[in-house]
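Pasting query.cif here (mmCIF, C-alpha atoms):
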```
data_final
loop_
_atom_site.label_atom_id
_atom_site.label_comp_id
_atom_site.auth_asym_id
_atom_site.auth_seq_id
_atom_site.Cartn_x
_atom_site.Cartn_y
_atom_site.Cartn_z
CA MET A 1 -15.18 12.10 40.07
CA PRO A 2 -18.25 14.12 38.97
CA ALA A 3 -19.03 13.68 35.29
CA ASP A 4 -18.21 16.66 33.09
CA PHE A 5 -18.39 14.87 29.73
CA ALA A 6 -20.87 12.42 28.21
CA VAL A 7 -20.27 10.13 25.26
CA ILE A 8 -23.51 8.99 23.65
CA GLY A 9 -22.88 5.71 21.86
CA LEU A 10 -20.10 3.42 23.07
CA GLY A 11 -19.14 1.80 19.79
CA CYS A 12 -16.08 2.11 17.58
CA LEU A 13 -16.04 5.92 17.89
CA GLY A 14 -17.44 6.53 21.34
CA LEU A 15 -15.44 4.07 23.40
CA PRO A 16 -11.99 5.32 22.26
CA LEU A 17 -13.14 8.92 22.80
CA ALA A 18 -14.28 8.06 26.32
CA GLN A 19 -10.98 6.32 26.98
CA ALA A 20 -9.03 9.38 25.83
CA ALA A 21 -11.14 11.68 28.01
CA VAL A 22 -10.65 9.50 31.10
CA ALA A 23 -6.90 9.38 30.43
CA ALA A 24 -6.93 13.20 30.30
CA GLY A 25 -8.52 13.34 33.74
CA ILE A 26 -11.99 14.34 32.55
CA GLY A 27 -14.93 12.94 34.50
CA THR A 28 -16.71 10.89 31.83
CA ILE A 29 -19.91 8.88 31.47
CA GLY A 30 -20.97 6.73 28.55
CA TYR A 31 -24.65 6.69 27.66
CA GLU A 32 -26.13 3.75 25.80
CA THR A 33 -29.76 3.20 24.90
CA ASP A 34 -28.96 -0.53 24.82
CA PRO A 35 -28.81 -1.68 28.47
CA ASN A 36 -27.06 -4.93 27.52
CA PRO A 37 -24.31 -5.34 30.15
CA ARG A 38 -22.12 -7.11 27.59
CA ARG A 39 -21.93 -3.97 25.46
CA LEU A 40 -18.65 -2.76 26.93
CA ALA A 41 -17.11 -6.21 26.61
CA GLU A 42 -17.57 -6.24 22.85
CA PRO A 43 -14.55 -5.31 20.69
CA ALA A 44 -14.59 -1.66 19.67
CA ALA A 45 -11.66 -0.10 17.86
CA GLY A 46 -9.17 -2.45 19.47
CA ARG A 47 -10.16 -1.80 23.08
CA THR A 48 -9.65 -4.78 25.40
CA PRO A 49 -11.22 -5.76 28.75
CA ALA A 50 -8.05 -4.46 30.41
CA ASP A 51 -8.63 -1.06 28.75
CA ILE A 52 -12.18 -1.02 30.10
CA ARG A 53 -11.02 -1.88 33.62
CA ARG A 54 -8.54 1.00 33.51
CA MET A 55 -11.30 3.36 32.39
CA VAL A 56 -13.57 2.26 35.23
CA SER A 57 -10.76 2.66 37.76
CA GLY A 58 -10.29 6.17 36.36
CA GLY A 59 -13.90 7.04 37.19
CA PHE A 60 -15.69 6.10 33.96
CA ARG A 61 -19.32 5.02 34.30
CA SER A 62 -21.66 3.47 31.75
CA VAL A 63 -25.23 4.74 32.24
CA THR A 64 -28.65 4.10 30.73
CA ASP A 65 -30.57 6.86 32.54
CA PRO A 66 -30.79 9.91 30.22
CA ALA A 67 -31.12 12.17 33.28
CA GLU A 68 -27.37 11.77 33.72
CA LEU A 69 -26.88 13.75 30.49
CA GLY A 70 -28.17 16.90 32.15
CA ARG A 71 -25.17 17.14 34.47
CA VAL A 72 -22.39 17.53 31.90
CA ARG A 73 -20.91 20.55 30.13
CA THR A 74 -19.85 18.67 26.99
CA ALA A 75 -21.65 15.85 25.15
CA ALA A 76 -20.42 13.95 22.10
CA ILE A 77 -22.79 11.97 19.88
CA CYS A 78 -20.98 8.95 18.47
CA ALA A 79 -23.97 6.94 17.26
CA PRO A 80 -23.52 4.46 14.39
CA THR A 81 -24.68 5.59 10.94
CA PRO A 82 -24.67 2.51 8.66
CA LEU A 83 -25.52 3.03 5.01
CA GLY A 84 -29.17 2.57 4.20
CA ALA A 85 -30.72 1.07 1.09
CA ASP A 86 -30.33 4.39 -0.77
CA GLY A 87 -26.59 4.49 -0.06
CA THR A 88 -26.82 7.36 2.44
CA PRO A 89 -26.08 7.13 6.18
CA ASP A 90 -28.98 6.00 8.38
CA LEU A 91 -29.32 8.75 10.98
CA SER A 92 -31.92 7.04 13.18
CA ALA A 93 -29.41 6.36 15.97
CA VAL A 94 -28.25 10.01 15.82
CA ALA A 95 -31.89 11.07 16.15
CA ASP A 96 -32.36 8.79 19.18
CA ALA A 97 -29.25 10.30 20.78
CA ALA A 98 -30.48 13.84 20.11
CA ARG A 99 -33.89 13.08 21.61
CA ALA A 100 -32.27 11.68 24.72
CA LEU A 101 -30.00 14.70 25.11
CA ALA A 102 -32.26 17.61 24.09
CA PRO A 103 -34.66 17.71 27.10
CA ARG A 104 -31.63 17.71 29.45
CA LEU A 105 -29.57 20.22 27.49
CA ARG A 106 -28.42 23.15 29.62
CA PRO A 107 -27.27 26.60 28.47
CA HIS A 108 -23.59 26.88 27.57
CA THR A 109 -23.26 23.12 26.93
CA THR A 110 -21.04 22.07 24.01
CA VAL A 111 -22.58 19.39 21.77
CA LEU A 112 -20.24 17.53 19.43
CA LEU A 113 -21.15 15.15 16.61
CA GLU A 114 -18.58 12.55 15.51
CA SER A 115 -20.81 10.12 13.60
CA ALA A 116 -20.17 9.79 9.87
CA VAL A 117 -22.76 11.96 8.11
CA LEU A 118 -23.22 13.73 4.81
CA PRO A 119 -22.44 17.46 4.58
CA GLY A 120 -25.25 19.50 6.07
CA ALA A 121 -26.52 16.89 8.54
CA THR A 122 -25.29 18.62 11.70
CA ASP A 123 -27.03 21.89 10.83
CA GLU A 124 -30.09 20.59 9.01
CA PHE A 125 -30.81 17.35 10.89
CA LEU A 126 -29.23 17.44 14.35
CA ARG A 127 -29.65 21.13 15.19
CA PRO A 128 -33.48 21.20 14.80
CA LEU A 129 -33.85 18.12 17.01
CA LEU A 130 -31.74 19.69 19.75
CA GLU A 131 -33.43 23.09 19.52
CA GLN A 132 -36.99 21.74 19.44
CA GLY A 133 -36.37 19.36 22.32
CA SER A 134 -34.57 21.87 24.53
CA GLY A 135 -36.07 25.24 23.69
CA LEU A 136 -32.51 26.52 23.35
CA ARG A 137 -30.89 27.97 20.25
CA ALA A 138 -27.63 26.59 18.86
CA GLY A 139 -24.90 29.17 18.50
CA ARG A 140 -26.58 31.43 21.07
CA ASP A 141 -27.55 29.26 24.05
CA PHE A 142 -25.36 26.23 23.42
CA HIS A 143 -22.40 25.34 21.21
CA LEU A 144 -22.70 22.91 18.30
CA ALA A 145 -19.76 21.47 16.33
CA TYR A 146 -18.78 18.54 14.16
CA SER A 147 -15.53 16.56 14.36
CA PRO A 148 -14.94 13.59 12.03
CA GLY A 149 -13.92 10.44 13.83
CA ARG A 150 -10.30 9.57 13.05
CA LEU A 151 -9.27 6.19 14.33
CA ASP A 152 -6.82 3.53 13.24
CA PRO A 153 -8.21 0.55 15.18
CA GLY A 154 -5.55 -1.54 16.84
CA SER A 155 -2.74 0.81 15.79
CA ARG A 156 0.23 1.10 18.10
CA THR A 157 1.41 4.22 16.26
CA HIS A 158 -1.62 6.47 15.88
CA GLY A 159 -3.64 7.18 19.00
CA TYR A 160 -5.89 9.99 20.11
CA ALA A 161 -3.10 12.20 21.42
CA ASN A 162 -0.94 12.23 18.28
CA THR A 163 -3.73 12.30 15.68
CA PRO A 164 -4.78 15.85 14.70
CA LYS A 165 -8.45 16.54 15.39
CA VAL A 166 -10.48 18.45 12.80
CA ILE A 167 -13.37 20.56 14.12
CA GLY A 168 -15.92 22.87 12.58
CA GLY A 169 -18.58 24.80 14.49
CA LEU A 170 -21.91 26.39 13.68
CA THR A 171 -20.35 29.73 14.69
CA PRO A 172 -16.77 30.81 15.43
CA ALA A 173 -17.61 30.64 19.14
CA CYS A 174 -18.83 27.06 18.68
CA THR A 175 -15.58 26.16 16.94
CA GLU A 176 -13.53 27.61 19.80
CA ALA A 177 -15.59 25.78 22.42
CA ALA A 178 -14.97 22.49 20.60
CA ALA A 179 -11.28 23.36 20.21
CA ALA A 180 -10.98 24.00 23.94
CA PHE A 181 -12.39 20.54 24.69
CA TYR A 182 -10.46 18.54 22.10
CA GLY A 183 -7.29 20.44 22.95
CA ARG A 184 -7.29 18.52 26.22
CA LEU A 185 -7.19 15.19 24.34
CA THR A 186 -4.92 15.74 21.35
CA ASP A 187 -1.67 17.51 20.52
CA LYS A 188 -3.13 19.36 17.54
CA VAL A 189 -6.54 20.80 16.71
CA VAL A 190 -7.30 21.79 13.11
CA ARG A 191 -10.11 24.33 12.64
CA ALA A 192 -12.28 23.92 9.54
CA ARG A 193 -14.15 26.92 8.16
CA GLY A 194 -17.49 25.53 9.34
CA LEU A 195 -19.71 22.52 9.87
CA ARG A 196 -19.97 21.47 6.24
CA GLU A 197 -16.23 21.65 5.66
CA ALA A 198 -15.59 19.46 8.71
CA GLU A 199 -18.27 16.98 7.61
CA THR A 200 -16.81 16.79 4.12
CA VAL A 201 -13.36 15.99 5.54
CA LYS A 202 -14.78 12.64 6.65
CA VAL A 203 -16.30 12.05 3.21
CA LEU A 204 -12.97 12.76 1.50
CA GLU A 205 -10.88 10.64 3.88
CA THR A 206 -13.21 7.65 3.66
CA ASN A 207 -13.57 7.80 -0.11
CA TYR A 208 -9.81 8.22 -0.56
CA ARG A 209 -9.31 4.84 1.10
CA GLN A 210 -12.11 3.22 -0.90
CA VAL A 211 -10.93 4.50 -4.29
CA ASN A 212 -7.28 3.57 -3.76
CA ILE A 213 -8.15 0.08 -2.55
CA ALA A 214 -10.35 -0.34 -5.61
CA LEU A 215 -7.43 0.67 -7.86
CA VAL A 216 -5.08 -1.96 -6.44
CA ASN A 217 -7.84 -4.58 -6.37
CA GLU A 218 -8.50 -4.06 -10.06
CA MET A 219 -4.77 -4.06 -10.79
CA ALA A 220 -4.37 -7.34 -8.86
CA VAL A 221 -7.07 -9.05 -10.94
CA LEU A 222 -5.50 -7.79 -14.17
CA CYS A 223 -1.98 -8.81 -13.12
CA HIS A 224 -3.15 -12.32 -12.28
CA GLU A 225 -4.57 -12.63 -15.79
CA LEU A 226 -1.29 -11.34 -17.24
CA GLY A 227 0.85 -13.61 -15.08
CA VAL A 228 2.40 -10.64 -13.28
CA ASP A 229 3.22 -10.77 -9.54
CA PHE A 230 1.34 -7.67 -8.42
CA TRP A 231 2.62 -7.94 -4.85
CA ASP A 232 6.12 -7.50 -6.21
CA VAL A 233 4.89 -4.54 -8.26
CA VAL A 234 3.59 -2.83 -5.11
CA ARG A 235 6.82 -3.63 -3.24
CA CYS A 236 8.84 -1.88 -5.91
CA ALA A 237 6.43 1.01 -6.46
CA GLU A 238 6.37 2.00 -2.80
CA THR A 239 10.07 2.83 -2.96
CA LYS A 240 9.13 5.98 -4.89
CA PRO A 241 9.64 8.79 -2.35
CA PHE A 242 7.00 11.10 -3.81
CA GLY A 243 3.62 10.98 -5.51
CA PHE A 244 2.75 7.42 -4.43
CA GLN A 245 1.20 5.84 -1.36
CA ALA A 246 1.08 2.06 -1.19
CA PHE A 247 -2.30 0.36 -0.84
CA ARG A 248 -2.66 -3.41 -1.03
CA PRO A 249 -5.37 -5.59 -2.53
CA GLY A 250 -7.47 -8.02 -0.56
CA PRO A 251 -10.63 -10.15 -0.60
CA GLY A 252 -12.87 -7.17 0.16
CA VAL A 253 -13.09 -3.94 2.15
CA GLY A 254 -14.22 -4.10 5.76
CA GLY A 255 -14.28 -1.81 8.74
CA HIS A 256 -16.39 1.09 9.95
CA GLY A 257 -15.33 3.70 7.37
CA VAL A 258 -18.02 3.18 4.77
CA PRO A 259 -17.76 5.07 1.45
CA MET A 260 -20.15 7.98 1.05
CA ASP A 261 -21.53 9.90 -1.88
CA PRO A 262 -22.26 13.43 -0.62
CA ARG A 263 -25.25 14.01 -2.87
CA ARG A 264 -27.84 16.35 -1.45
CA LEU A 265 -31.44 15.13 -1.36
CA SER A 266 -34.39 17.46 -1.72
CA PRO A 267 -37.42 17.07 0.62
CA ASP A 268 -39.09 14.71 -1.86
CA GLY A 269 -36.02 12.45 -1.88
CA ALA A 270 -34.78 13.40 -5.34
CA PRO A 271 -31.06 14.11 -5.84
CA ALA A 272 -30.39 17.85 -5.62
CA GLY A 273 -26.80 17.63 -6.76
CA GLY A 274 -24.28 15.51 -8.62
CA THR A 275 -22.79 12.23 -7.50
CA LEU A 276 -19.22 11.02 -7.22
CA ARG A 277 -18.97 8.59 -10.12
CA MET A 278 -15.49 7.44 -9.14
CA VAL A 279 -16.68 6.48 -5.65
CA GLY A 280 -19.58 4.51 -7.09
CA LEU A 281 -17.26 2.64 -9.42
CA ALA A 282 -14.84 1.96 -6.56
CA GLN A 283 -17.65 0.47 -4.52
CA GLU A 284 -18.59 -1.82 -7.40
CA ILE A 285 -15.00 -3.03 -7.81
CA ASN A 286 -14.47 -3.65 -4.10
CA ALA A 287 -17.86 -5.32 -3.72
CA ARG A 288 -16.83 -7.86 -6.37
CA MET A 289 -13.68 -8.95 -4.53
CA PRO A 290 -15.31 -11.59 -2.27
CA GLN A 291 -16.81 -13.21 -5.37
CA TYR A 292 -13.45 -13.05 -7.14
CA ALA A 293 -11.74 -14.68 -4.14
CA VAL A 294 -14.26 -17.53 -4.24
CA GLN A 295 -13.74 -17.94 -7.99
CA ARG A 296 -10.01 -18.27 -7.34
CA CYS A 297 -10.76 -20.89 -4.68
CA ALA A 298 -12.89 -22.92 -7.09
CA THR A 299 -10.29 -22.63 -9.86
CA LEU A 300 -7.45 -23.77 -7.60
CA LEU A 301 -9.44 -26.76 -6.39
CA ASN A 302 -10.33 -27.68 -9.98
CA GLU A 303 -6.70 -27.38 -11.08
CA HIS A 304 -5.79 -29.90 -8.37
CA GLY A 305 -8.47 -32.36 -9.38
CA LYS A 306 -11.04 -31.41 -6.76
CA SER A 307 -14.49 -29.89 -6.90
CA ALA A 308 -15.69 -27.09 -4.67
CA ARG A 309 -18.68 -29.26 -3.82
CA GLY A 310 -17.69 -31.35 -0.85
CA ALA A 311 -14.28 -29.68 -0.51
CA ARG A 312 -13.03 -28.94 2.99
CA VAL A 313 -12.11 -25.23 3.06
CA LEU A 314 -10.38 -23.63 6.04
CA LEU A 315 -10.60 -19.83 6.36
CA LEU A 316 -7.79 -18.19 8.33
CA GLY A 317 -8.51 -14.82 9.95
CA VAL A 318 -12.12 -13.68 9.67
CA THR A 319 -11.79 -10.19 11.19
CA TYR A 320 -11.67 -7.11 8.98
CA LYS A 321 -8.23 -6.03 10.22
CA PRO A 322 -5.17 -7.93 11.47
CA ASP A 323 -4.65 -8.44 15.20
CA LEU A 324 -8.08 -7.07 16.04
CA ALA A 325 -11.25 -8.84 17.17
CA ASP A 326 -13.55 -6.61 15.10
CA LEU A 327 -15.79 -8.34 12.53
CA GLN A 328 -17.45 -5.15 11.23
CA CYS A 329 -18.18 -5.58 7.49
CA SER A 330 -15.54 -8.30 7.19
CA PRO A 331 -15.53 -9.84 3.68
CA ALA A 332 -15.06 -13.25 5.32
CA VAL A 333 -18.82 -13.53 5.83
CA GLU A 334 -19.68 -13.20 2.14
CA ILE A 335 -16.79 -15.49 1.16
CA ALA A 336 -18.03 -18.16 3.57
CA ARG A 337 -21.58 -17.82 2.24
CA ARG A 338 -20.50 -18.18 -1.36
CA LEU A 339 -18.32 -21.21 -0.60
CA MET A 340 -21.23 -22.83 1.22
CA ASP A 341 -23.46 -22.14 -1.78
CA LEU A 342 -20.94 -24.06 -3.90
CA GLY A 343 -21.28 -27.01 -1.54
CA ALA A 344 -17.98 -26.60 0.30
CA SER A 345 -17.58 -27.62 3.93
CA VAL A 346 -16.29 -24.45 5.61
CA SER A 347 -14.39 -24.15 8.87
CA TYR A 348 -12.32 -21.30 10.27
CA HIS A 349 -9.49 -20.34 12.59
CA ASP A 350 -8.99 -16.94 14.19
CA PRO A 351 -7.18 -16.36 17.49
CA TYR A 352 -9.42 -13.34 18.18
CA VAL A 353 -12.80 -14.89 17.33
CA PRO A 354 -13.82 -17.83 19.54
CA HIS A 355 -17.26 -18.15 17.93
CA TRP A 356 -18.44 -17.20 14.43
CA ARG A 357 -21.83 -17.53 12.78
CA VAL A 358 -22.75 -17.27 9.11
CA ARG A 359 -26.43 -17.21 8.16
CA ASP A 360 -27.07 -17.56 11.86
CA VAL A 361 -25.41 -20.98 11.83
CA PRO A 362 -22.22 -21.67 13.84
CA VAL A 363 -19.14 -22.23 11.69
CA PRO A 364 -16.84 -24.97 13.05
CA ARG A 365 -13.69 -23.52 14.63
CA ALA A 366 -10.39 -25.35 14.19
CA ASP A 367 -8.69 -26.00 17.51
CA SER A 368 -5.37 -27.19 16.11
CA LEU A 369 -4.34 -24.85 13.31
CA TYR A 370 -1.71 -27.04 11.66
CA GLU A 371 -3.81 -30.21 11.84
CA ALA A 372 -6.77 -28.34 10.32
CA ALA A 373 -4.61 -26.94 7.50
CA ALA A 374 -3.19 -30.38 6.78
CA GLY A 375 -6.67 -31.88 6.65
CA ALA A 376 -8.29 -29.18 4.52
CA ASP A 377 -8.42 -29.43 0.74
CA LEU A 378 -7.88 -25.66 0.60
CA THR A 379 -6.69 -23.17 3.20
CA VAL A 380 -7.46 -19.50 2.53
CA LEU A 381 -5.61 -16.75 4.36
CA LEU A 382 -8.13 -13.89 4.64
CA GLN A 383 -6.41 -11.92 7.39
CA HIS A 384 -2.75 -11.92 8.33
CA HIS A 385 -2.63 -12.01 12.13
CA ARG A 386 0.84 -11.75 13.61
CA THR A 387 0.40 -15.07 15.42
CA TYR A 388 0.26 -16.99 12.13
CA ASP A 389 3.47 -18.75 11.12
CA LEU A 390 2.94 -18.51 7.38
CA GLN A 391 6.00 -20.51 6.41
CA GLY A 392 4.85 -23.35 8.65
CA LEU A 393 1.32 -23.11 7.27
CA ALA A 394 2.60 -23.17 3.70
CA VAL A 395 4.35 -26.47 4.48
CA LYS A 396 1.40 -28.05 6.28
CA ALA A 397 -1.43 -26.95 4.00
CA GLN A 398 -2.35 -29.12 1.03
CA LEU A 399 -3.26 -26.01 -0.94
CA LEU A 400 -2.91 -22.41 0.29
CA LEU A 401 -4.46 -19.27 -1.20
CA ASP A 402 -3.01 -16.06 0.24
CA THR A 403 -5.35 -13.10 -0.30
CA ARG A 404 -3.06 -10.67 1.54
CA GLY A 405 0.30 -11.24 -0.15
CA ALA A 406 1.82 -12.10 3.23
CA THR A 407 3.51 -15.41 2.38
CA PRO A 408 6.99 -15.57 0.84
CA ALA A 409 7.03 -15.57 -2.96
CA GLY A 410 6.36 -19.06 -4.28
CA ALA A 411 5.16 -20.42 -0.91
CA ALA A 412 1.47 -20.11 -1.78
CA HIS A 413 -0.95 -19.06 -4.47
CA ARG A 414 -1.66 -15.34 -4.19
CA LEU A 415 -4.86 -13.48 -4.91
#
```
Is it possible to express this structure as structure tokens?
Amino acid sequence: MPADFAVIGLGCLGLPLAQAAVAAGIGTIGYETDPNPRRLAEPAAGRTPADIRRMVSGGFRSVTDPAELGRVRTAAICAPTPLGADGTPDLSAVADAARALAPRLRPHTTVLLESAVLPGATDEFLRPLLEQGSGLRAGRDFHLAYSPGRLDPGSRTHGYANTPKVIGGLTPACTEAAAAFYGRLTDKVVRARGLREAETVKVLETNYRQVNIALVNEMAVLCHELGVDFWDVVRCAETKPFGFQAFRPGPGVGGHGVPMDPRRLSPDGAPAGGTLRMVGLAQEINARMPQYAVQRCATLLNEHGKSARGARVLLLGVTYKPDLADLQCSPAVEIARRLMDLGASVSYHDPYVPHWRVRDVPVPRADSLYEAAAGADLTVLLQHHRTYDLQGLAVKAQLLLDTRGATPAGAAHRL
């Protein structure tokens, strides 16, 4: 099948998009600047080797030659944009993608950006790179639009087809070109007024998650001090049929949806606008949760006559999300580091992670879960995978700290 669509960046955004395009019968290639052949085998948004094999059988090809980009009518940039030291997205991978695409850009091509960026980046950062490298003008010679990535990794309920896709173009014609493409992949396309509105949708959605998780994390800490079972509080509160959405506390916030403060920077790097104080505070609260989890570990050990130094601590579930092999920003790494700093002997078990390194040192993996729990001074449930028999673990473990509120009431100590 001749390629009609190119996905640039085959990570947590690009690979699911490519999969959806192949499923829709669109000839698709995936361009990666990293020629590592293991790239497609790495976990990305819950995709499995079987998913990849189905994509390949459907005509999907992974390419490293940028000349292939000149043969498509639609290209989507899905490069990673991790937060830099200044708290803003690092756009270097987006720039690399634009430089690879621009010299091969043909008239009437539709260019889509899905990477998480601050408002204004598509017009002020990406557009000049594409225009300078191609000699074409966005909105006249080619279409340019932004669509925030919306994924629920590992979800069996929300996929590409039944998740509405927000789009915003540089011009109305750009918006319609993007709508025509995404309309082949999803049941509903939502048109934003423009690029900045579409970009800000991603900011709002990501920060909404961050702020609400911070609220329940802070409530959980307070309720522990007051002797209140916060997990029971959430269970009761979520029965309210209006005005409340249940979020649950945990040992930290992981995943690819990093919080963003949409401040505008002037050319000299100085802030040109206000900041979201609530988002900053939420980040501080959530960033403290791994440390709080370790403090709870040390306190529990002390209450049972043991010191953290020399204690055998077993961490259960080190991925950022249940039933998924993705380690992106998992709080388990910081928790393991802090426990090691206290002198604890740390091991782990995770059915989705055969090998795990912290500080570039392999962490011992428990082969027999129940034997490891019985032999550990403290077992810490960091992620509730469906394969875990929590009642059985509660019986076997000498001491169990549940950071997810997944065990029956009274069966374990809860965060």
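Closest to A:Thr387 among A:Leu316, A:Leu342, A:Leu112, A:Val253 is A:Leu316, based on all atoms listed in the file.
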Task: Distance query stretch 200-208 of chain A at most 12 Å, only C-alpha atoms, self and fewer than 5 positions along chain excluded, as a PyMOL selection string - done: chain A and resi 88-89+114-122+146-151+165-168+190-195+213-215+245+247+253-263+276-283
For A:Ala76, please output as a PyMOL selection string all residues within 8 Å (counting all atoms listed in the file; exclusion window: fewer than 6 positions along the same chain). chain A and resi 5-8+111-114
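Of the listed residues (A:Ala85, A:Ile29, A:Cys12, A:Ala246), A:Ile29 comes nearest to A:Arg71; the distances count only C-alpha atoms.
For A:Ala372, the set of protein, DNA and RNA residues having any atom at most 9 Å away, when counting all atoms listed in the file and skipping those fewer than 3 positions along the same chain, is Leu314, Ser347, Tyr348, His349, Ala366, Asp367, Ser368, Leu369, Gly375, Ala376, Thr379 and Ala397 of chain A.
Using all atoms listed in the file, the contacts of A:Leu381 at a cut-off of 10 Å, with sequence neighbours closer than 2 positions omitted, comprise Pro251, Leu314, Leu315, Leu316, Gly317, Val318, His349, Leu378, Thr379, Gln383, His384, His385, Tyr388, Leu390, Leu393, Leu400, Leu401, Asp402, Thr403, Arg404, Gly405, Ala406, Thr407, Ala412, Arg414 and Leu415 of chain A.
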Can those selected residues be exported to a file as a PDB file, in the coordinates of the input so that it contains C-alpha atoms?
```pdb
ATOM      1  CA  PRO A 251     -10.630 -10.150  -0.600  1.00  0.00           C
ATOM      2  CA  LEU A 314     -10.380 -23.630   6.040  1.00  0.00           C
ATOM      3  CA  LEU A 315     -10.600 -19.830   6.360  1.00  0.00           C
ATOM      4  CA  LEU A 316      -7.790 -18.190   8.330  1.00  0.00           C
ATOM      5  CA  GLY A 317      -8.510 -14.820   9.950  1.00  0.00           C
ATOM      6  CA  VAL A 318     -12.120 -13.680   9.670  1.00  0.00           C
ATOM      7  CA  HIS A 349      -9.490 -20.340  12.590  1.00  0.00           C
ATOM      8  CA  LEU A 378      -7.880 -25.660   0.600  1.00  0.00           C
ATOM      9  CA  THR A 379      -6.690 -23.170   3.200  1.00  0.00           C
ATOM     10  CA  GLN A 383      -6.410 -11.920   7.390  1.00  0.00           C
ATOM     11  CA  HIS A 384      -2.750 -11.920   8.330  1.00  0.00           C
ATOM     12  CA  HIS A 385      -2.630 -12.010  12.130  1.00  0.00           C
ATOM     13  CA  TYR A 388       0.260 -16.990  12.130  1.00  0.00           C
ATOM     14  CA  LEU A 390       2.940 -18.510   7.380  1.00  0.00           C
ATOM     15  CA  LEU A 393       1.320 -23.110   7.270  1.00  0.00           C
ATOM     16  CA  LEU A 400      -2.910 -22.410   0.290  1.00  0.00           C
ATOM     17  CA  LEU A 401      -4.460 -19.270  -1.200  1.00  0.00           C
ATOM     18  CA  ASP A 402      -3.010 -16.060   0.240  1.00  0.00           C
ATOM     19  CA  THR A 403      -5.350 -13.100  -0.300  1.00  0.00           C
ATOM     20  CA  ARG A 404      -3.060 -10.670   1.540  1.00  0.00           C
ATOM     21  CA  GLY A 405       0.300 -11.240  -0.150  1.00  0.00           C
ATOM     22  CA  ALA A 406       1.820 -12.100   3.230  1.00  0.00           C
ATOM     23  CA  THR A 407       3.510 -15.410   2.380  1.00  0.00           C
ATOM     24  CA  ALA A 412       1.470 -20.110  -1.780  1.00  0.00           C
ATOM     25  CA  ARG A 414      -1.660 -15.340  -4.190  1.00  0.00           C
ATOM     26  CA  LEU A 415      -4.860 -13.480  -4.910  1.00  0.00           C
TER      27      LEU A 415
END
```
